[in-house]
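Below is my_file.txt, holding compact mmCIF, C-alpha atoms.
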```txt
# COMPACT_ATOMS: atom_id res chain seq x y z
CA MET A 26 0.00 0.00 0.00
CA GLY A 27 1.43 3.36 -1.08
CA LYS A 28 1.89 6.48 0.99
CA ILE A 29 0.77 10.08 0.71
CA ILE A 30 3.23 12.76 1.79
CA ALA A 31 2.33 16.44 2.12
CA VAL A 32 5.20 18.94 2.01
CA HIS A 33 4.18 22.06 3.90
CA SER A 34 5.67 25.09 5.67
CA TYR A 35 4.61 28.10 7.70
CA LYS A 36 6.21 30.72 5.51
CA GLY A 37 6.85 30.89 1.80
CA GLY A 38 10.30 30.47 0.32
CA THR A 39 11.34 27.62 2.61
CA GLY A 40 12.04 25.30 -0.31
CA LYS A 41 8.90 23.15 -0.31
CA THR A 42 8.69 22.90 -4.07
CA ILE A 43 12.34 22.02 -4.69
CA ILE A 44 12.19 19.46 -1.88
CA SER A 45 8.92 18.01 -3.28
CA ILE A 46 10.24 17.72 -6.84
CA ASN A 47 13.53 16.17 -5.77
CA LEU A 48 12.04 13.79 -3.22
CA ALA A 49 9.60 12.61 -5.91
CA ALA A 50 12.40 12.27 -8.46
CA THR A 51 14.69 10.44 -6.01
CA LEU A 52 11.99 7.91 -5.19
CA ALA A 53 11.13 7.51 -8.89
CA LYS A 54 14.80 6.87 -9.73
CA ARG A 55 14.67 3.96 -7.32
CA GLY A 56 12.02 2.35 -9.49
CA LYS A 57 9.02 3.60 -7.54
CA LYS A 58 5.82 4.81 -9.15
CA VAL A 59 5.54 8.38 -7.94
CA CYS A 60 3.00 11.12 -8.48
CA LEU A 61 3.79 14.74 -7.65
CA LEU A 62 0.78 17.03 -7.24
CA ASP A 63 1.03 20.81 -7.19
CA LEU A 64 -1.56 21.91 -4.64
CA ASP A 65 -0.13 25.43 -4.37
CA PHE A 66 -3.03 27.02 -6.24
CA ARG A 67 -2.06 30.52 -5.15
CA ALA A 68 1.37 30.40 -6.68
CA PRO A 69 1.69 27.38 -9.00
CA SER A 70 5.32 26.83 -9.96
CA ILE A 71 5.98 23.19 -10.81
CA LEU A 72 4.76 23.68 -14.39
CA THR A 73 7.39 26.35 -15.00
CA LEU A 74 10.14 24.52 -13.12
CA LEU A 75 9.63 21.26 -14.99
CA LYS A 76 9.04 23.09 -18.28
CA ALA A 77 6.00 21.00 -19.06
CA GLU A 78 4.03 21.81 -22.19
CA ASN A 79 0.65 21.03 -23.67
CA VAL A 80 -1.06 20.58 -20.34
CA ASN A 81 -4.80 20.60 -20.97
CA TYR A 82 -6.25 19.53 -17.65
CA TRP A 83 -5.34 20.82 -14.22
CA LEU A 84 -5.76 19.74 -10.62
CA ASN A 85 -8.13 22.71 -10.42
CA ASP A 86 -10.45 20.81 -12.81
CA TYR A 87 -10.18 17.62 -10.80
CA LEU A 88 -11.07 19.41 -7.55
CA ASN A 89 -13.88 21.26 -9.32
CA GLY A 90 -15.28 17.86 -10.26
CA THR A 91 -15.15 18.54 -14.00
CA CYS A 92 -12.68 15.78 -14.88
CA GLU A 93 -11.13 12.63 -13.46
CA ILE A 94 -7.58 12.45 -12.14
CA ASP A 95 -6.29 10.36 -15.10
CA ARG A 96 -6.75 13.29 -17.44
CA VAL A 97 -4.76 15.60 -15.17
CA LEU A 98 -1.68 13.46 -14.69
CA VAL A 99 1.19 14.01 -17.12
CA ASP A 100 3.75 11.24 -17.55
CA LEU A 101 7.19 12.79 -17.15
CA SER A 102 9.02 9.51 -16.62
CA ASP A 103 11.41 10.40 -19.46
CA LYS A 104 12.88 13.11 -17.24
CA ILE A 105 13.97 10.36 -14.87
CA LYS A 106 16.27 7.69 -16.20
CA ASP A 107 16.04 4.16 -14.78
CA ASN A 108 12.75 2.31 -14.48
CA GLY A 109 10.80 4.62 -12.25
CA LYS A 110 7.50 6.22 -13.10
CA PHE A 111 7.16 9.95 -12.53
CA PHE A 112 3.74 11.51 -13.01
CA VAL A 113 2.83 15.10 -12.27
CA GLY A 114 -0.48 16.87 -11.72
CA PHE A 115 -0.22 20.61 -12.25
CA ALA A 116 -2.00 23.59 -10.75
CA ASN A 117 -3.25 26.09 -13.31
CA PRO A 118 -0.96 29.16 -13.22
CA ALA A 119 -3.38 31.45 -15.13
CA THR A 120 -4.30 34.53 -13.08
CA GLU A 121 -7.98 33.82 -13.61
CA ALA A 122 -7.57 30.29 -12.26
CA ILE A 123 -5.70 31.54 -9.19
CA ARG A 124 -8.44 34.10 -8.57
CA ASP A 125 -11.10 31.43 -8.97
CA MET A 126 -9.38 29.14 -6.45
CA THR A 127 -9.05 31.85 -3.81
CA ALA A 128 -12.77 32.62 -3.95
CA LYS A 129 -14.07 29.14 -3.07
CA ASP A 130 -16.50 28.70 -0.20
CA ARG A 131 -16.54 26.19 2.64
CA LYS A 132 -18.81 23.76 0.85
CA TRP A 133 -16.50 23.68 -2.13
CA GLU A 134 -13.52 23.11 0.17
CA MET A 135 -15.39 20.25 1.82
CA ARG A 136 -15.95 18.61 -1.56
CA ALA A 137 -12.34 19.26 -2.53
CA LEU A 138 -11.29 17.41 0.62
CA GLY A 139 -13.49 14.49 -0.47
CA ARG A 140 -11.80 14.43 -3.87
CA LEU A 141 -8.32 14.55 -2.35
CA LEU A 142 -9.22 11.74 0.04
CA ALA A 143 -10.50 9.74 -2.95
CA LEU A 144 -7.00 9.76 -4.49
CA ARG A 145 -5.94 7.14 -1.96
CA ASN A 146 -8.25 4.71 -3.68
CA SER A 147 -7.92 5.87 -7.29
CA LEU A 148 -4.14 6.36 -7.38
CA LEU A 149 -2.67 4.19 -4.61
CA ASN A 150 -5.05 1.22 -4.72
CA GLU A 151 -6.20 1.14 -8.33
CA LYS A 152 -3.26 2.63 -10.22
CA GLY A 153 -0.63 1.18 -7.91
CA PHE A 154 1.29 4.35 -7.14
CA ASP A 155 3.88 3.95 -4.39
CA TYR A 156 3.98 7.61 -3.40
CA LEU A 157 1.82 10.67 -3.84
CA ILE A 158 3.66 13.86 -2.97
CA PHE A 159 1.59 16.99 -2.36
CA ASP A 160 3.36 20.31 -2.74
CA THR A 161 1.25 22.86 -0.84
CA SER A 162 0.77 26.59 -0.21
CA PRO A 163 2.47 27.93 2.91
CA GLY A 164 0.53 28.67 6.08
CA LEU A 165 -3.03 27.93 7.07
CA GLN A 166 -4.66 27.77 3.65
CA TYR A 167 -7.69 25.63 2.96
CA SER A 168 -5.96 23.76 0.14
CA SER A 169 -2.93 23.04 2.34
CA ILE A 170 -4.95 21.79 5.28
CA ASN A 171 -7.00 19.63 2.92
CA ALA A 172 -3.70 18.16 1.71
CA ILE A 173 -2.46 17.61 5.27
CA VAL A 174 -5.68 15.88 6.31
CA SER A 175 -5.47 13.58 3.26
CA ALA A 176 -1.80 12.68 3.83
CA ASP A 177 -0.16 9.92 5.87
CA MET A 178 2.79 12.06 6.71
CA VAL A 179 3.74 15.74 6.67
CA ILE A 180 7.19 17.03 5.85
CA VAL A 181 7.57 20.54 7.23
CA ALA A 182 10.18 22.68 5.52
CA THR A 183 11.56 25.37 7.77
CA THR A 184 14.49 27.78 8.02
CA PHE A 185 16.29 29.47 10.90
CA ASP A 186 14.25 32.63 10.27
CA ARG A 187 12.84 33.71 13.67
CA SER A 188 9.23 34.23 12.51
CA ASP A 189 9.34 30.96 10.61
CA VAL A 190 10.56 29.10 13.69
CA ASP A 191 7.76 30.51 15.86
CA GLY A 192 5.08 29.88 13.24
CA THR A 193 6.30 26.34 12.59
CA ARG A 194 6.24 25.57 16.30
CA ARG A 195 2.66 26.80 16.52
CA MET A 196 1.63 24.69 13.53
CA LEU A 197 3.22 21.60 15.07
CA LYS A 198 1.06 21.99 18.17
CA GLU A 199 -2.09 23.49 16.68
CA LEU A 200 -2.33 21.86 13.28
CA TYR A 201 -0.44 18.65 12.61
CA GLU A 202 -0.84 17.34 16.14
CA LEU A 203 -4.59 17.99 16.17
CA PHE A 204 -4.92 15.89 13.01
CA GLU A 205 -2.63 13.24 14.53
CA LYS A 206 -0.26 13.40 11.57
CA LYS A 207 3.20 11.95 11.56
CA THR A 208 5.33 15.06 11.13
CA GLU A 209 9.00 15.36 10.19
CA ILE A 210 11.08 18.53 9.96
CA VAL A 211 13.44 19.46 7.15
CA LEU A 212 15.62 22.40 8.10
CA ASN A 213 16.53 24.14 4.88
CA LYS A 214 18.91 26.91 3.83
CA VAL A 215 21.15 26.43 6.86
CA LEU A 216 24.12 28.77 6.59
CA ASN A 217 27.28 26.82 6.04
CA ASP A 218 29.17 28.46 8.88
CA ILE A 219 26.49 27.30 11.34
CA VAL A 220 26.94 23.72 10.20
CA LEU A 221 30.73 24.05 10.23
CA LYS A 222 30.95 25.88 13.54
CA GLY A 223 28.49 23.83 15.53
CA GLY A 224 28.86 20.54 13.79
CA LYS A 225 25.91 18.68 12.34
CA ASP A 226 25.06 16.80 15.51
CA GLU A 227 24.91 19.94 17.57
CA VAL A 228 22.61 21.62 15.05
CA GLN A 229 20.43 18.53 15.05
CA THR A 230 20.13 18.53 18.84
CA LYS A 231 19.34 22.21 18.82
CA ILE A 232 16.53 21.88 16.26
CA LYS A 233 15.07 18.87 18.04
CA ASP A 234 15.02 20.97 21.16
CA VAL A 235 13.32 23.90 19.46
CA TYR A 236 10.65 21.92 17.61
CA GLN A 237 10.23 18.84 19.78
CA ALA A 238 9.72 16.91 16.56
CA PRO A 239 11.81 14.41 14.60
CA ILE A 240 14.31 15.80 12.07
CA LEU A 241 14.19 14.28 8.60
CA GLY A 242 17.07 16.27 7.18
CA ILE A 243 19.28 19.34 7.35
CA ILE A 244 20.01 21.07 4.06
CA PRO A 245 22.74 23.71 3.90
CA CYS A 246 22.30 26.82 1.80
CA PHE A 247 23.39 25.92 -1.74
CA CYS A 248 23.53 28.91 -4.05
CA ASP A 249 23.24 26.72 -7.14
CA VAL A 250 20.12 25.03 -5.78
CA LEU A 251 18.54 28.40 -5.06
CA LYS A 252 19.42 29.77 -8.46
CA GLY A 253 18.33 26.68 -10.28
CA GLU A 254 19.64 27.82 -13.63
CA GLY A 255 17.92 25.06 -15.51
CA HIS A 256 18.81 22.37 -13.00
CA VAL A 257 15.73 21.50 -11.03
CA ILE A 258 15.78 17.73 -10.82
CA PHE A 259 19.12 17.45 -9.04
CA ALA A 260 18.60 13.74 -8.49
CA GLN A 261 18.80 13.33 -12.27
CA GLU A 262 21.03 16.16 -13.43
CA LYS A 263 23.58 16.38 -10.62
CA PRO A 264 23.80 12.98 -8.92
CA GLU A 265 27.05 13.90 -7.14
CA HIS A 266 25.78 17.19 -5.69
CA PRO A 267 25.55 17.26 -1.86
CA PHE A 268 21.92 18.37 -2.17
CA THR A 269 21.18 15.16 -4.08
CA ARG A 270 22.93 13.14 -1.37
CA ILE A 271 20.85 14.74 1.37
CA LEU A 272 17.66 14.09 -0.58
CA GLU A 273 18.82 10.46 -0.94
CA SER A 274 19.06 10.13 2.83
CA ILE A 275 15.65 11.79 3.27
CA ALA A 276 14.20 9.33 0.75
CA ASN A 277 15.82 6.45 2.67
CA LYS A 278 14.04 7.52 5.83
CA VAL A 279 10.74 8.05 3.99
CA GLU A 280 11.00 4.54 2.54
CA GLY A 281 11.71 3.18 5.99
CA PHE A 282 8.53 4.54 7.55
CA ALA A 283 5.94 1.84 8.04
CA MET B 12 -50.74 -19.67 17.93
CA ALA B 13 -48.46 -16.66 17.94
CA LYS B 14 -46.82 -17.83 21.13
CA GLN B 15 -46.20 -21.25 19.67
CA GLU B 16 -44.63 -19.73 16.60
CA PHE B 17 -42.37 -17.62 18.76
CA LEU B 18 -41.22 -20.54 20.85
CA GLY B 19 -40.59 -22.53 17.71
CA LYS B 20 -37.76 -20.17 16.72
CA LYS B 21 -34.22 -20.98 17.62
CA PRO B 22 -33.04 -19.35 20.86
CA LEU B 23 -30.13 -17.77 19.02
CA GLN B 24 -32.47 -15.94 16.67
CA ILE B 25 -34.50 -14.67 19.61
CA LEU B 26 -31.37 -13.39 21.30
CA GLU B 27 -30.31 -11.70 18.07
CA LYS B 28 -33.66 -9.97 17.89
CA ILE B 29 -33.35 -8.79 21.49
CA ARG B 30 -29.86 -7.48 20.84
CA GLU B 31 -31.05 -5.69 17.74
CA ASN B 32 -33.87 -4.02 19.64
CA LEU B 33 -31.60 -3.08 22.51
CA GLU B 34 -29.19 -1.45 20.09
CA LYS B 35 -31.99 0.56 18.54
CA LEU B 36 -33.15 1.59 21.97
CA ASN B 37 -29.62 2.56 22.91
CA GLU B 38 -29.29 4.73 19.84
CA LYS B 39 -32.58 6.46 20.52
CA MET B 40 -31.47 7.18 24.07
CA GLU B 41 -28.19 8.60 22.83
CA ILE B 42 -30.07 10.93 20.51
CA ILE B 43 -32.39 12.05 23.31
CA ILE B 44 -29.38 12.75 25.52
CA GLU B 45 -27.72 14.74 22.75
CA LEU B 46 -30.87 16.72 22.05
CA GLN B 47 -31.15 17.58 25.72
CA LYS B 48 -27.54 18.75 25.74
CA HIS B 49 -28.33 21.11 22.88
CA ASP B 50 -31.61 22.17 24.46
CA ARG B 51 -33.63 20.99 21.49
CA ARG B 52 -36.82 19.00 21.49
CA GLU B 53 -36.99 17.77 17.92
CA LEU B 54 -34.56 16.17 15.57
CA GLN B 55 -36.04 17.69 12.39
CA PRO B 56 -35.10 19.64 10.45
CA LEU B 57 -31.34 19.32 10.78
CA PRO B 58 -29.33 22.32 9.72
CA GLU B 59 -26.71 21.00 7.33
CA ALA B 60 -23.23 22.23 8.10
CA PRO B 61 -20.23 21.62 5.87
CA LEU B 62 -17.61 19.38 7.45
CA ASP B 63 -14.61 21.26 6.08
CA VAL B 64 -11.08 21.24 7.50
CA MET B 65 -11.49 24.52 9.41
CA THR B 66 -14.56 23.04 11.13
CA LEU B 67 -12.55 19.90 11.90
CA LEU B 68 -9.79 22.05 13.38
CA SER B 69 -12.15 23.90 15.69
CA MET B 70 -13.88 20.76 17.00
CA PRO B 71 -13.17 19.30 20.42
CA ASP B 72 -10.49 16.58 20.16
CA HIS B 73 -12.81 13.65 20.88
CA LEU B 74 -15.24 14.59 18.10
CA ARG B 75 -12.47 15.45 15.64
CA LYS B 76 -11.07 11.96 15.93
CA THR B 77 -14.44 10.44 15.08
CA ALA B 78 -15.18 12.92 12.27
CA MET B 79 -11.71 12.42 10.73
CA THR B 80 -12.20 8.67 10.72
CA VAL B 81 -15.55 9.02 8.93
CA CYS B 82 -13.86 11.32 6.40
CA ARG B 83 -11.16 8.73 5.80
CA LEU B 84 -13.46 5.71 5.57
CA GLY B 85 -16.11 7.58 3.58
CA ARG B 86 -19.01 5.62 5.02
CA ALA B 87 -18.91 3.51 8.12
CA THR B 88 -20.79 1.95 11.04
CA ALA B 89 -20.04 2.78 14.66
CA ASP B 90 -18.31 -0.61 14.86
CA GLU B 91 -15.96 0.18 12.00
CA ILE B 92 -15.14 3.60 13.44
CA ALA B 93 -14.48 2.06 16.87
CA GLN B 94 -12.02 -0.40 15.31
CA GLN B 95 -10.03 2.50 13.86
CA THR B 96 -10.10 4.79 16.89
CA ARG B 97 -9.72 1.94 19.40
CA ARG B 98 -12.49 3.38 21.49
CA ALA B 99 -15.63 1.57 22.61
CA ARG B 100 -18.43 1.14 20.09
CA ALA B 101 -20.94 2.79 22.43
CA VAL B 102 -18.65 5.81 22.78
CA GLU B 103 -18.27 6.16 19.01
CA SER B 104 -21.99 5.69 18.55
CA ALA B 105 -22.64 8.59 20.93
CA TYR B 106 -20.11 10.83 19.17
CA LEU B 107 -21.44 9.90 15.73
CA ASN B 108 -24.99 10.70 16.72
CA GLN B 109 -23.78 13.96 18.19
CA LEU B 110 -22.14 14.82 14.86
CA VAL B 111 -25.40 13.94 13.07
CA ILE B 112 -27.34 16.26 15.34
CA MET B 113 -24.79 19.01 14.76
CA GLY B 114 -25.50 18.62 11.04
CA TYR B 115 -22.01 17.44 10.02
CA LEU B 116 -22.80 13.80 9.30
CA LYS B 117 -25.70 11.94 7.74
CA LYS B 118 -27.03 8.65 9.01
CA GLU B 119 -28.64 5.94 6.94
CA ARG B 120 -30.14 2.73 8.12
CA LYS B 121 -29.73 -0.43 6.06
CA GLY B 122 -31.32 -3.43 7.71
CA ARG B 123 -29.71 -3.86 11.07
CA LYS B 124 -26.84 -1.51 10.42
CA ALA B 125 -26.61 2.26 10.66
CA TYR B 126 -24.12 3.92 8.35
CA PHE B 127 -22.61 7.35 8.93
CA TYR B 128 -21.18 9.48 6.14
CA VAL B 129 -20.32 13.02 5.07
CA ASP B 130 -22.87 14.23 2.57
CA ARG B 131 -20.64 16.13 0.16
CA GLU B 132 -22.87 16.11 -2.87
CA SER B 133 -26.37 17.12 -1.80
CA GLN B 134 -25.32 20.41 -0.26
CA GLY B 135 -25.73 22.98 -3.00
CA GLY B 136 -23.37 25.80 -3.75
```

Structure rendered as structure tokens:
Amino acid sequence: MGKIIAVHSYKGGTGKTIISINLAATLAKRGKKVCLLDLDFRAPSILTLLKAENVNYWLNDYLNGTCEIDRVLVDLSDKIKDNGKFFVGFANPATEAIRDMTAKDRKWEMRALGRLLALRNSLLNEKGFDYLIFDTSPGLQYSSINAIVSADMVIVATTFDRSDVDGTRRMLKELYELFEKKTEIVLNKVLNDIVLKGGKDEVQTKIKDVYQAPILGIIPCFCDVLKGEGHVIFAQEKPEHPFTRILESIANKVEGFA
Amino acid sequence: MAKQEFLGKKPLQILEKIRENLEKLNEKMEIIIELQKHDRRELQPLPEAPLDVMTLLSMPDHLRKTAMTVCRLGRATADEIAQQTRRARAVESAYLNQLVIMGYLKKERKGRKAYFYVDRESQGG
């Protein structure tokens, strides 16, 4: 039985999308059947990052109930060598679509939750996907909480930014815990001198202390990751890069979770 | 004649019938208790309320657990919910009926079993 992972954060710019894409790609490279879904309807970005073209159906349509999930998913397995399967469902980046998604009412959100919950059956059970990875909007957005409720596990991307730390701590207690979700922290954009000065173990102990939650990974600040410059799927394009290695170890842990 | 017919049934069937009736009685009592708590005399008409994630978040912990399990299973009996939450069936039954009275869940009887579900489609909008 496959697993659903939601990647979330309190603030924007914590690296959710890059982590989502690369975790999905890393798992796919290991021969898994992976589906990455862009649920960041306020600022869709996976379409641009993966340079996908000719997308006719969006996750917006699926949640609106106007099409089934099969039509939305785009097979991008050719971007991943090896035997893995890599499918992506995109959020519509058109301004009109973003506006439409922000104006939904509670009843619509309730139905959207039902349709997200239904993916467990349609994609994991029937289509045999091993992993669904939800990339979400930051903060307490309807679409993000719907994703969290539908997931088996939440990966929270966070930085050492003071307001991010406080917000993340609040979400741990007042969001993920209330929904009884398994939650793991990824500390991103850690300044290299902090890692070098304190040593990795010390940083790890410190974060555990601050968040009182398990740490899935610590990612130093890599300028080339931030810039991207055409390299988005590091797992494929730069297998020797330290970022790729860290994602490998995160994927190991994710695979180990029962 | 009727008495003879009754005695002719297997004891097990009679016990089943008694259990069935007791369960129905139990459920009715739970509903009466819930109605009293909410200071209401009648069950009809129920105001339908969307069971969205913000509502789930603001619920007391014990009800959220039950409501989340119904969301996940889609449609379930109190027994099935109790298996997931590892709480007693009677407890879940009380919570489920409370959620029905609050307008978040729908209840449908099929033979001996009562099913609880979130009615996502009938609510317009």

* Neighbourhood query: residues within 10 Å of (-2.1, 23.5, 1.8), file coordinates, counting all atoms listed in the file; return as a list of chain:residue names. => A:Ala31, A:Val32, A:His33, A:Ser34, A:Asp63, A:Leu64, A:Asp65, A:Phe66, A:Arg67, A:Phe159, A:Asp160, A:Thr161, A:Ser162, A:Pro163, A:Gly164, A:Leu165, A:Gln166, A:Tyr167, A:Ser168, A:Ser169, A:Ile170, A:Asn171, A:Ala172, A:Ile173, A:Val174

* Write down, as a ChimeraX atom specification, each residue of chain B that has any atom within 7 Å of an atom of chain A, counting only C-alpha atoms. => /B:61-64,83,131,136

* What is the atom CA of Asp107 of chain A-atom CA of Phe282 of chain A distance in Å, reported with one decimal? -> 23.6 Å

* To do: Would you kindly return, as a ChimeraX atom specification, each protein, DNA or RNA residue with an atom no farther than 6 Å from any atom of segment 47-58 of chain A, considering only C-alpha atoms and excluding same-chain residues fewer than 4 positions away?
  => /A:107-111,154-155,258,260

Generate a file of the selected residues that holds C-alpha atoms, formatted as a short mmCIF file (atom, residue, chain, number, x, y, z; two decimals), keeping the file's coordinate frame.
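Saved the output as selection14.cif:
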```cif
data_model
loop_
_atom_site.label_atom_id
_atom_site.label_comp_id
_atom_site.auth_asym_id
_atom_site.auth_seq_id
_atom_site.Cartn_x
_atom_site.Cartn_y
_atom_site.Cartn_z
CA ASP A 107 16.04 4.16 -14.78
CA ASN A 108 12.75 2.31 -14.48
CA GLY A 109 10.80 4.62 -12.25
CA LYS A 110 7.50 6.22 -13.10
CA PHE A 111 7.16 9.95 -12.53
CA PHE A 154 1.29 4.35 -7.14
CA ASP A 155 3.88 3.95 -4.39
CA ILE A 258 15.78 17.73 -10.82
CA ALA A 260 18.60 13.74 -8.49
#
```

* Could you give me, as a PyMOL selection string, the residues within 9 Å of Gly242 of chain A, counting all atoms listed in the file and dropping anything in the same chain fewer than 6 positions from it? => chain A and resi 209-213+229+271-272+274-275

* Just the residues within 8 Å of Gly85 of chain B, please, counting only C-alpha atoms, with nothing from its chain fewer than 2 positions along; format it as a list of chain:residue names. => B:Val81, B:Cys82, B:Arg83, B:Ala87, B:Tyr128, B:Val129

* **Shell of 8 Å around segment 38-42 of chain B, all atoms listed in the file, local chain residues under 4 positions omitted, as a ChimeraX atom specification** => /B:34,46,104-105,108-109,112

Write to file, as a compact mmCIF listing (two decimals), in the coordinates of the input, the residues of the selection just made, with C-alpha atoms.
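So part_28.txt came out as:
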```txt
# COMPACT_ATOMS: atom_id res chain seq x y z
CA GLU B 34 -29.19 -1.45 20.09
CA LEU B 46 -30.87 16.72 22.05
CA SER B 104 -21.99 5.69 18.55
CA ALA B 105 -22.64 8.59 20.93
CA ASN B 108 -24.99 10.70 16.72
CA GLN B 109 -23.78 13.96 18.19
CA ILE B 112 -27.34 16.26 15.34
```

* Val80 of chain A surroundings by all atoms listed in the file, 10 Å radius, close-in-sequence under 5 positions cut, as number ranges by chain -> A: 72, 96-99, 114-115, 117

* Interatomic distance, atom CA of Asn89 of chain A to atom CA of Lys76 of chain B (Å, one decimal) -> 27.1 Å

N, CA and C atoms are needed for segment 237-254 of chain A; please write them out as a PDB file, keeping the file's coordinate frame.
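Generated file (part-v7.pdb):
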```
ATOM      1  N   GLN A 237      10.765  20.030  19.111  1.00  0.00           N
ATOM      2  CA  GLN A 237      10.230  18.840  19.780  1.00  0.00           C
ATOM      3  C   GLN A 237       9.584  17.905  18.758  1.00  0.00           C
ATOM      4  N   ALA A 238      10.234  17.792  17.611  1.00  0.00           N
ATOM      5  CA  ALA A 238       9.720  16.910  16.560  1.00  0.00           C
ATOM      6  C   ALA A 238      10.914  16.258  15.870  1.00  0.00           C
ATOM      7  N   PRO A 239      10.698  15.091  15.259  1.00  0.00           N
ATOM      8  CA  PRO A 239      11.810  14.410  14.600  1.00  0.00           C
ATOM      9  C   PRO A 239      12.343  15.182  13.391  1.00  0.00           C
ATOM     10  N   ILE A 240      13.666  15.091  13.174  1.00  0.00           N
ATOM     11  CA  ILE A 240      14.310  15.800  12.070  1.00  0.00           C
ATOM     12  C   ILE A 240      14.563  14.813  10.933  1.00  0.00           C
ATOM     13  N   LEU A 241      14.036  15.154   9.764  1.00  0.00           N
ATOM     14  CA  LEU A 241      14.190  14.280   8.600  1.00  0.00           C
ATOM     15  C   LEU A 241      15.473  14.616   7.839  1.00  0.00           C
ATOM     16  N   GLY A 242      15.855  15.898   7.891  1.00  0.00           N
ATOM     17  CA  GLY A 242      17.070  16.270   7.180  1.00  0.00           C
ATOM     18  C   GLY A 242      17.479  17.705   7.430  1.00  0.00           C
ATOM     19  N   ILE A 243      18.758  17.969   7.241  1.00  0.00           N
ATOM     20  CA  ILE A 243      19.280  19.340   7.350  1.00  0.00           C
ATOM     21  C   ILE A 243      19.954  19.665   6.022  1.00  0.00           C
ATOM     22  N   ILE A 244      19.473  20.714   5.372  1.00  0.00           N
ATOM     23  CA  ILE A 244      20.010  21.070   4.060  1.00  0.00           C
ATOM     24  C   ILE A 244      20.728  22.418   4.149  1.00  0.00           C
ATOM     25  N   PRO A 245      22.016  22.438   3.884  1.00  0.00           N
ATOM     26  CA  PRO A 245      22.740  23.710   3.900  1.00  0.00           C
ATOM     27  C   PRO A 245      22.279  24.603   2.751  1.00  0.00           C
ATOM     28  N   CYS A 246      22.666  25.862   2.829  1.00  0.00           N
ATOM     29  CA  CYS A 246      22.300  26.820   1.800  1.00  0.00           C
ATOM     30  C   CYS A 246      23.203  26.596   0.573  1.00  0.00           C
ATOM     31  N   PHE A 247      22.618  26.107  -0.504  1.00  0.00           N
ATOM     32  CA  PHE A 247      23.390  25.920  -1.740  1.00  0.00           C
ATOM     33  C   PHE A 247      22.955  26.976  -2.749  1.00  0.00           C
ATOM     34  N   CYS A 248      23.881  27.845  -3.093  1.00  0.00           N
ATOM     35  CA  CYS A 248      23.530  28.910  -4.050  1.00  0.00           C
ATOM     36  C   CYS A 248      23.027  28.339  -5.361  1.00  0.00           C
ATOM     37  N   ASP A 249      23.645  27.256  -5.835  1.00  0.00           N
ATOM     38  CA  ASP A 249      23.240  26.720  -7.140  1.00  0.00           C
ATOM     39  C   ASP A 249      21.860  26.070  -7.086  1.00  0.00           C
ATOM     40  N   VAL A 250      21.477  25.583  -5.902  1.00  0.00           N
ATOM     41  CA  VAL A 250      20.120  25.030  -5.780  1.00  0.00           C
ATOM     42  C   VAL A 250      19.120  26.179  -5.828  1.00  0.00           C
ATOM     43  N   LEU A 251      19.454  27.258  -5.108  1.00  0.00           N
ATOM     44  CA  LEU A 251      18.540  28.400  -5.060  1.00  0.00           C
ATOM     45  C   LEU A 251      18.377  29.032  -6.431  1.00  0.00           C
ATOM     46  N   LYS A 252      19.484  29.137  -7.157  1.00  0.00           N
ATOM     47  CA  LYS A 252      19.420  29.770  -8.460  1.00  0.00           C
ATOM     48  C   LYS A 252      18.746  28.890  -9.494  1.00  0.00           C
ATOM     49  N   GLY A 253      18.948  27.602  -9.328  1.00  0.00           N
ATOM     50  CA  GLY A 253      18.330  26.680 -10.280  1.00  0.00           C
ATOM     51  C   GLY A 253      19.079  26.650 -11.589  1.00  0.00           C
ATOM     52  N   GLU A 254      18.978  27.713 -12.335  1.00  0.00           N
ATOM     53  CA  GLU A 254      19.640  27.820 -13.630  1.00  0.00           C
ATOM     54  C   GLU A 254      19.442  26.583 -14.495  1.00  0.00           C
TER      55      GLU A 254
END
```
